[in-house]
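Trainee: Contents are mmCIF, C-alpha atoms; file name final.cif:
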```cif
data_coords
loop_
_atom_site.label_atom_id
_atom_site.label_comp_id
_atom_site.auth_asym_id
_atom_site.auth_seq_id
_atom_site.Cartn_x
_atom_site.Cartn_y
_atom_site.Cartn_z
CA MET A 1 -2.93 -3.94 -56.37
CA ALA A 2 -3.97 -4.54 -52.77
CA ARG A 3 -1.48 -6.49 -50.65
CA TYR A 4 -3.35 -8.34 -47.91
CA GLU A 5 -1.73 -9.98 -44.91
CA MET A 6 -3.29 -11.90 -42.06
CA LEU A 7 -3.48 -9.50 -39.12
CA ASN A 8 -1.37 -10.39 -36.10
CA ASN A 9 -0.05 -8.55 -33.04
CA VAL A 10 3.62 -9.13 -33.90
CA GLU A 11 4.06 -7.91 -37.47
CA HIS A 12 1.38 -5.23 -37.13
CA ARG A 13 1.90 -4.07 -33.56
CA ASP A 14 2.98 -0.57 -34.62
CA VAL A 15 0.40 -0.10 -37.35
CA ARG A 16 -2.17 2.62 -36.75
CA ILE A 17 -5.26 3.44 -38.81
CA LEU A 18 -6.38 6.88 -39.92
CA THR A 19 -10.09 7.35 -39.27
CA GLN A 20 -10.49 10.62 -41.19
CA ARG A 21 -12.57 9.95 -44.30
CA ASN A 22 -11.69 11.79 -47.52
CA ALA A 23 -10.82 11.25 -51.17
CA ASP A 24 -7.13 10.76 -50.42
CA THR A 25 -7.85 7.82 -48.13
CA GLY A 26 -9.88 5.94 -50.74
CA ASP A 27 -13.44 7.17 -50.26
CA ALA A 28 -13.80 8.68 -53.75
CA VAL A 29 -15.78 5.74 -55.13
CA GLN A 30 -18.87 5.66 -57.31
CA TYR A 31 -20.63 2.91 -55.36
CA VAL A 32 -20.18 0.39 -52.56
CA VAL A 33 -21.74 -3.02 -51.98
CA THR A 34 -24.54 -3.22 -49.45
CA PHE A 35 -26.88 -5.93 -48.09
CA PRO A 36 -30.28 -6.32 -46.38
CA LEU A 37 -28.72 -5.90 -42.94
CA GLU A 38 -27.77 -2.31 -43.82
CA LEU A 39 -30.68 -1.18 -45.97
CA ARG A 40 -32.72 0.45 -43.18
CA ARG A 41 -29.89 2.87 -42.35
CA ALA A 42 -28.59 3.34 -45.89
CA GLN A 43 -31.93 4.10 -47.53
CA ALA A 44 -32.36 7.16 -45.31
CA HIS A 45 -29.45 8.90 -47.09
CA TYR A 46 -28.50 7.16 -50.37
CA PRO A 47 -30.13 5.66 -53.48
CA ILE A 48 -29.80 1.87 -53.69
CA PHE A 49 -29.73 -0.16 -56.90
CA PHE A 50 -28.39 -3.50 -58.12
CA GLN A 51 -25.48 -4.41 -60.34
CA LYS A 52 -24.65 -7.69 -62.05
CA ASP A 53 -21.36 -9.52 -61.61
CA ALA A 54 -19.99 -9.88 -65.13
CA SER A 55 -18.26 -13.17 -64.35
CA THR A 56 -21.09 -14.93 -62.48
CA GLY A 57 -24.21 -13.14 -63.70
CA GLN A 58 -25.33 -12.71 -60.09
CA PHE A 59 -27.00 -9.51 -58.94
CA PHE A 60 -25.89 -7.67 -55.82
CA PRO A 61 -27.23 -4.47 -54.17
CA ILE A 62 -25.14 -1.29 -54.15
CA ILE A 63 -25.27 2.15 -52.62
CA LEU A 64 -24.87 4.64 -55.47
CA LEU A 65 -22.58 7.55 -54.60
CA GLY A 66 -21.74 9.19 -57.93
CA PHE A 67 -22.50 9.39 -61.63
CA GLU A 68 -19.07 8.32 -62.86
CA LYS A 69 -16.04 6.34 -61.75
CA GLY A 70 -14.20 7.92 -58.84
CA GLU A 71 -17.01 10.35 -58.03
CA ASN A 72 -18.52 10.42 -54.53
CA LEU A 73 -21.05 13.23 -54.29
CA PHE A 74 -21.57 12.63 -50.58
CA LEU A 75 -17.95 13.36 -49.75
CA SER A 76 -16.64 16.88 -49.14
CA GLU A 77 -13.31 18.28 -48.00
CA ASN A 78 -14.55 17.86 -44.44
CA GLY A 79 -15.45 14.20 -44.87
CA TRP A 80 -18.78 12.44 -45.35
CA GLU A 81 -21.76 14.78 -45.25
CA PRO A 82 -24.50 12.25 -44.36
CA PRO A 83 -24.39 11.12 -40.72
CA TYR A 84 -24.40 7.48 -41.81
CA VAL A 85 -21.29 6.11 -43.56
CA PRO A 86 -21.72 2.77 -45.38
CA MET A 87 -20.26 -0.26 -43.67
CA SER A 88 -18.18 -1.16 -46.73
CA ILE A 89 -16.40 2.18 -46.27
CA LEU A 90 -16.02 1.94 -42.50
CA ARG A 91 -14.17 -1.38 -42.77
CA GLY A 92 -11.24 0.55 -44.24
CA PRO A 93 -8.28 -1.64 -45.22
CA PHE A 94 -9.66 -4.79 -43.58
CA LEU A 95 -11.40 -7.87 -44.95
CA ILE A 96 -12.41 -11.26 -43.65
CA GLY A 97 -10.10 -13.92 -45.08
CA TYR A 98 -9.77 -17.65 -44.50
CA GLN A 99 -7.01 -20.02 -43.53
CA SER A 100 -6.94 -23.79 -43.41
CA ASN A 101 -8.26 -25.39 -40.22
CA PRO A 102 -8.76 -29.18 -40.28
CA GLU A 103 -10.76 -29.03 -37.04
CA SER A 104 -13.38 -26.72 -38.56
CA PRO A 105 -16.51 -28.30 -40.12
CA ASP A 106 -15.73 -26.71 -43.51
CA GLY A 107 -11.96 -27.05 -43.16
CA ARG A 108 -11.27 -23.34 -42.85
CA GLN A 109 -11.19 -20.56 -40.28
CA ALA A 110 -12.12 -16.90 -40.71
CA VAL A 111 -9.34 -14.40 -40.01
CA ILE A 112 -8.93 -10.64 -40.33
CA THR A 113 -6.68 -9.51 -43.18
CA ILE A 114 -5.21 -6.04 -43.71
CA ASN A 115 -4.26 -4.30 -46.95
CA MET A 116 -0.71 -3.13 -46.35
CA ASP A 117 -0.87 -0.78 -49.35
CA SER A 118 -3.87 1.17 -48.01
CA PRO A 119 -3.37 4.95 -47.53
CA LEU A 120 -5.18 4.57 -44.20
CA LEU A 121 -2.17 2.87 -42.63
CA THR A 122 0.09 5.14 -40.60
CA SER A 123 2.52 5.17 -37.71
CA ALA A 124 1.50 8.69 -36.64
CA GLU A 125 0.05 9.31 -33.21
CA ASP A 126 -3.24 10.54 -34.66
CA GLY A 127 -3.94 7.04 -35.99
CA GLN A 128 -5.91 4.42 -34.07
CA PRO A 129 -3.74 1.58 -32.69
CA LEU A 130 -4.74 -1.99 -33.48
CA PHE A 131 -3.11 -3.58 -30.46
CA LEU A 132 -2.43 -2.67 -26.86
CA GLU A 133 1.09 -2.42 -25.49
CA HIS A 134 1.13 -6.05 -24.36
CA GLY A 135 -0.50 -7.46 -27.48
CA GLY A 136 -4.23 -7.46 -26.74
CA SER A 137 -6.78 -6.00 -29.15
CA SER A 138 -7.40 -2.26 -28.87
CA PRO A 139 -10.97 -0.91 -28.52
CA TYR A 140 -10.72 0.17 -32.17
CA LEU A 141 -9.86 -3.38 -33.28
CA GLU A 142 -12.63 -4.87 -31.15
CA ASN A 143 -15.20 -2.55 -32.78
CA LEU A 144 -13.74 -3.31 -36.21
CA THR A 145 -14.01 -7.05 -35.60
CA ALA A 146 -17.71 -6.67 -34.78
CA LEU A 147 -18.18 -4.57 -37.93
CA LEU A 148 -16.47 -7.18 -40.12
CA GLU A 149 -18.64 -9.91 -38.63
CA ASP A 150 -21.75 -7.87 -39.46
CA ILE A 151 -20.50 -7.31 -43.02
CA GLN A 152 -19.83 -11.02 -43.44
CA LEU A 153 -23.32 -11.84 -42.18
CA GLY A 154 -24.78 -9.21 -44.49
CA LEU A 155 -22.98 -10.57 -47.54
CA GLU A 156 -24.30 -14.05 -46.73
CA MET A 157 -27.82 -12.60 -46.80
CA ASN A 158 -27.47 -11.28 -50.36
CA PRO A 159 -27.73 -14.56 -52.33
CA PRO A 160 -31.07 -15.70 -50.83
CA PHE A 161 -32.44 -12.16 -51.11
CA VAL A 162 -31.46 -11.88 -54.76
CA LYS A 163 -32.74 -15.40 -55.50
CA ALA A 164 -36.14 -14.50 -54.09
CA LEU A 165 -36.22 -11.43 -56.33
CA THR A 166 -35.16 -13.27 -59.48
CA ASP A 167 -37.51 -16.19 -58.77
CA ASN A 168 -40.35 -13.66 -58.78
CA ASP A 169 -38.96 -11.75 -61.78
CA LEU A 170 -38.66 -8.58 -59.70
CA ILE A 171 -35.33 -7.24 -60.97
CA GLU A 172 -35.30 -5.09 -64.10
CA SER A 173 -32.60 -3.07 -65.83
CA VAL A 174 -32.79 0.71 -65.71
CA SER A 175 -30.83 3.30 -67.68
CA MET A 176 -30.88 6.90 -66.59
CA SER A 177 -29.73 10.00 -68.42
CA ILE A 178 -29.36 13.28 -66.59
CA THR A 179 -28.61 16.75 -67.87
CA LEU A 180 -26.71 19.06 -65.56
CA ASN A 181 -27.26 22.80 -65.34
CA ASP A 182 -24.32 23.45 -67.66
CA GLY A 183 -25.82 21.21 -70.33
CA ALA A 184 -23.45 18.29 -69.74
CA GLU A 185 -25.07 14.87 -69.87
CA ARG A 186 -24.40 11.84 -67.71
CA GLN A 187 -25.72 8.38 -68.55
CA LEU A 188 -25.87 5.59 -65.99
CA LEU A 189 -25.76 2.10 -67.44
CA GLY A 190 -25.56 -1.33 -65.85
CA LEU A 191 -27.96 -0.56 -63.01
CA TYR A 192 -30.98 -2.63 -62.01
CA THR A 193 -33.89 -1.98 -59.71
CA ILE A 194 -37.17 -3.43 -58.47
CA ASN A 195 -39.92 -3.89 -61.06
CA GLU A 196 -42.72 -2.20 -59.18
CA ASP A 197 -45.42 -3.25 -61.64
CA ARG A 198 -44.40 -6.88 -61.33
CA LEU A 199 -44.34 -6.55 -57.53
CA ASN A 200 -47.93 -5.27 -57.55
CA GLU A 201 -48.99 -8.23 -59.70
CA LEU A 202 -47.71 -10.90 -57.30
CA ASP A 203 -50.36 -13.11 -55.75
CA ALA A 204 -50.96 -13.23 -52.01
CA ALA A 205 -48.93 -16.40 -51.53
CA ALA A 206 -45.84 -14.92 -53.19
CA VAL A 207 -46.09 -11.69 -51.18
CA ALA A 208 -46.54 -13.68 -47.97
CA ALA A 209 -43.46 -15.76 -48.76
CA LEU A 210 -41.38 -12.63 -49.35
CA HIS A 211 -42.65 -11.14 -46.10
CA GLN A 212 -42.00 -14.29 -44.09
CA ALA A 213 -38.42 -14.43 -45.37
CA GLY A 214 -37.87 -10.78 -44.43
CA HIS A 215 -37.40 -9.71 -48.05
CA LEU A 216 -40.47 -7.54 -48.47
CA GLN A 217 -39.17 -4.85 -46.13
CA SER A 218 -35.86 -4.73 -48.02
CA ILE A 219 -37.73 -4.37 -51.30
CA TYR A 220 -39.68 -1.35 -50.10
CA MET A 221 -36.56 0.23 -48.61
CA ILE A 222 -34.78 -0.01 -51.95
CA MET A 223 -37.74 1.52 -53.75
CA ALA A 224 -37.98 4.33 -51.18
CA SER A 225 -34.26 5.08 -51.47
CA HIS A 226 -34.65 6.29 -55.05
CA SER A 227 -36.02 9.57 -53.72
CA HIS A 228 -32.37 10.52 -53.01
CA PHE A 229 -31.46 10.42 -56.70
CA ARG A 230 -32.76 13.95 -57.21
CA ALA A 231 -30.57 15.12 -54.34
CA MET A 232 -27.56 13.55 -56.07
CA ILE A 233 -28.23 15.67 -59.15
CA ASP A 234 -28.49 18.77 -56.95
CA ARG A 235 -25.17 17.88 -55.32
CA ARG A 236 -23.52 17.51 -58.72
CA ASN A 237 -24.94 20.81 -59.95
CA ALA A 238 -23.64 22.53 -56.82
CA LEU A 239 -20.11 21.62 -57.90
CA LEU A 240 -20.42 23.46 -61.21
CA PRO A 241 -18.68 26.82 -61.60
CA LYS A 242 -20.99 29.67 -60.73
CA GLN A 243 -22.15 31.64 -63.76
CA GLU A 244 -21.21 35.32 -63.79
CA PRO A 245 -24.23 37.57 -64.26
CA SER A 246 -24.44 38.99 -67.76
CA LEU A 247 -24.36 42.77 -68.24
CA GLY A 248 -26.45 44.75 -70.55
#
```
What does the file become when written as structure tokens?
Mentor:
Amino acid sequence: MARYEMLNNVEHRDVRILTQRNADTGDAVQYVVTFPLELRRAQAHYPIFFQKDASTGQFFPIILLGFEKGENLFLSENGWEPPYVPMSILRGPFLIGYQSNPESPDGRQAVITINMDSPLLTSAEDGQPLFLEHGGSSPYLENLTALLEDIQLGLEMNPPFVKALTDNDLIESVSMSITLNDGAERQLLGLYTINEDRLNELDAAAVAALHQAGHLQSIYMIMASHSHFRAMIDRRNALLPKQEPSLG
């Protein structure tokens, strides 16, 4: 279980953060959440689909990284192979949390929280400090704060984006079965994507509304991202033991 605390320059003054990305630091994940704000960069390297929250029934976009739980095919011993690392990974052990604030319009105030059980936390010199000697934010923390603000903005963009898709009946379930070179089969369930036929059937007014809201570009980026699915299969096959040539 994650153990989050509100970040402050007293209790966490000596905490440093490892920036090396590998399986041991928590990057061996099958997928991460994404949002329209990130799709332009993410679609250049990863396939993007949707999943449905079992408790709310709401759809949300994800970057698919593997074919099974705990598998990240874009991660090697040397770190991430694509030049772009998803924002949900870069945030590391940090999240935006909220505390009570009577002076705020909604009665709460956003704060940065840190998972004290994260393997990214260290006291070693090779870690990035969060605070300066006299308590101010380090350059690392300032960049992280900007990243968390972008993630929060991106997550707020998901509900209206998904609503526009569902209102136009543009999300459909998709199940995919793949056969690896060794004959093993992998089946991906619980994924959803854009119904391209339905998109092509929309009238001009519906398409214009999607474009005006900025959703049409996101739709096409998600559809274009599926070209990386074949590369995922190739990456998985590359991990298989090499077959010895037969004699005779």
Trainee: Starting from the PyMOL selection byres ((chain A and resi 67-72) around 9), expand the selection into actual residues of this file and give them as a list in words.
Mentor: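 So the PyMOL selection byres ((chain A and resi 67-72) around 9) ends up selecting Ala23, Asp27, Ala28, Val29, Gln30, Tyr31, Leu64, Leu65, Gly66, Leu73, Phe74, Leu75, Ser76, Arg186, Gln187, Leu188, Met232, Ile233 and Arg236 of chain A.
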Trainee: I need the residue nearest Pro36 of chain A from this list: A:Gly97, A:Gly107, A:Gly136, A:Pro160. Use all atoms listed in the file for the distance.
Mentor: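 Going through A:Gly97, A:Gly107, A:Gly136, A:Pro160 one by one, the smallest distance to Pro36 of chain A is for A:Pro160.
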Trainee: Of the candidates A:Ser88, A:Ser227, A:Gln51, A:Thr25, which one gets nearest to Ser118 of chain A if we count all atoms listed in the file?
Mentor: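 Residue with the minimum atom-to-atom distance to Ser118 of chain A: A:Thr25.
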Trainee: Identify, on the basis of only C-alpha atoms, every residue whose closest approach to Ile62 of chain A does not exceed 8 Å; exclude the query and any residue fewer than 6 positions from it along the same chain; express the result as a PDB file with C-alpha atoms, keeping the file's coordinate frame.
Mentor:
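Output file around.pdb follows:
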```pdb
ATOM      1  CA  TYR A  31     -20.630   2.910 -55.360  1.00  0.00           C
ATOM      2  CA  VAL A  32     -20.180   0.390 -52.560  1.00  0.00           C
ATOM      3  CA  VAL A  33     -21.740  -3.020 -51.980  1.00  0.00           C
ATOM      4  CA  THR A  34     -24.540  -3.220 -49.450  1.00  0.00           C
ATOM      5  CA  PHE A  35     -26.880  -5.930 -48.090  1.00  0.00           C
ATOM      6  CA  ILE A  48     -29.800   1.870 -53.690  1.00  0.00           C
ATOM      7  CA  PHE A  49     -29.730  -0.160 -56.900  1.00  0.00           C
ATOM      8  CA  PHE A  50     -28.390  -3.500 -58.120  1.00  0.00           C
ATOM      9  CA  GLN A  51     -25.480  -4.410 -60.340  1.00  0.00           C
TER      10      GLN A  51
END
```
Trainee: Report the distance between atom CA of Asn168 of chain A and atom CA of Val207 of chain A in Å, rounded to one decimal place.
Mentor: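 For atom CA of Asn168 of chain A relative to atom CA of Val207 of chain A, the distance reads 9.7 Å.
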Trainee: Between atom CA of His45 of chain A and atom CA of Arg230 of chain A, what is the distance in Å, rounded to a tenth?
Mentor: 11.8 Å
Trainee: What is the atom CA of Ser100 of chain A to atom CA of Thr145 of chain A distance in Å?
Mentor: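 Those two atoms sit 19.8 Å apart.
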Trainee: Which residues come within 7 Å of segment 10-16 of chain A, counting all atoms listed in the file, excluding same-chain residues fewer than 4 positions away, as number ranges by chain?
Mentor: A: 121-123, 127-131
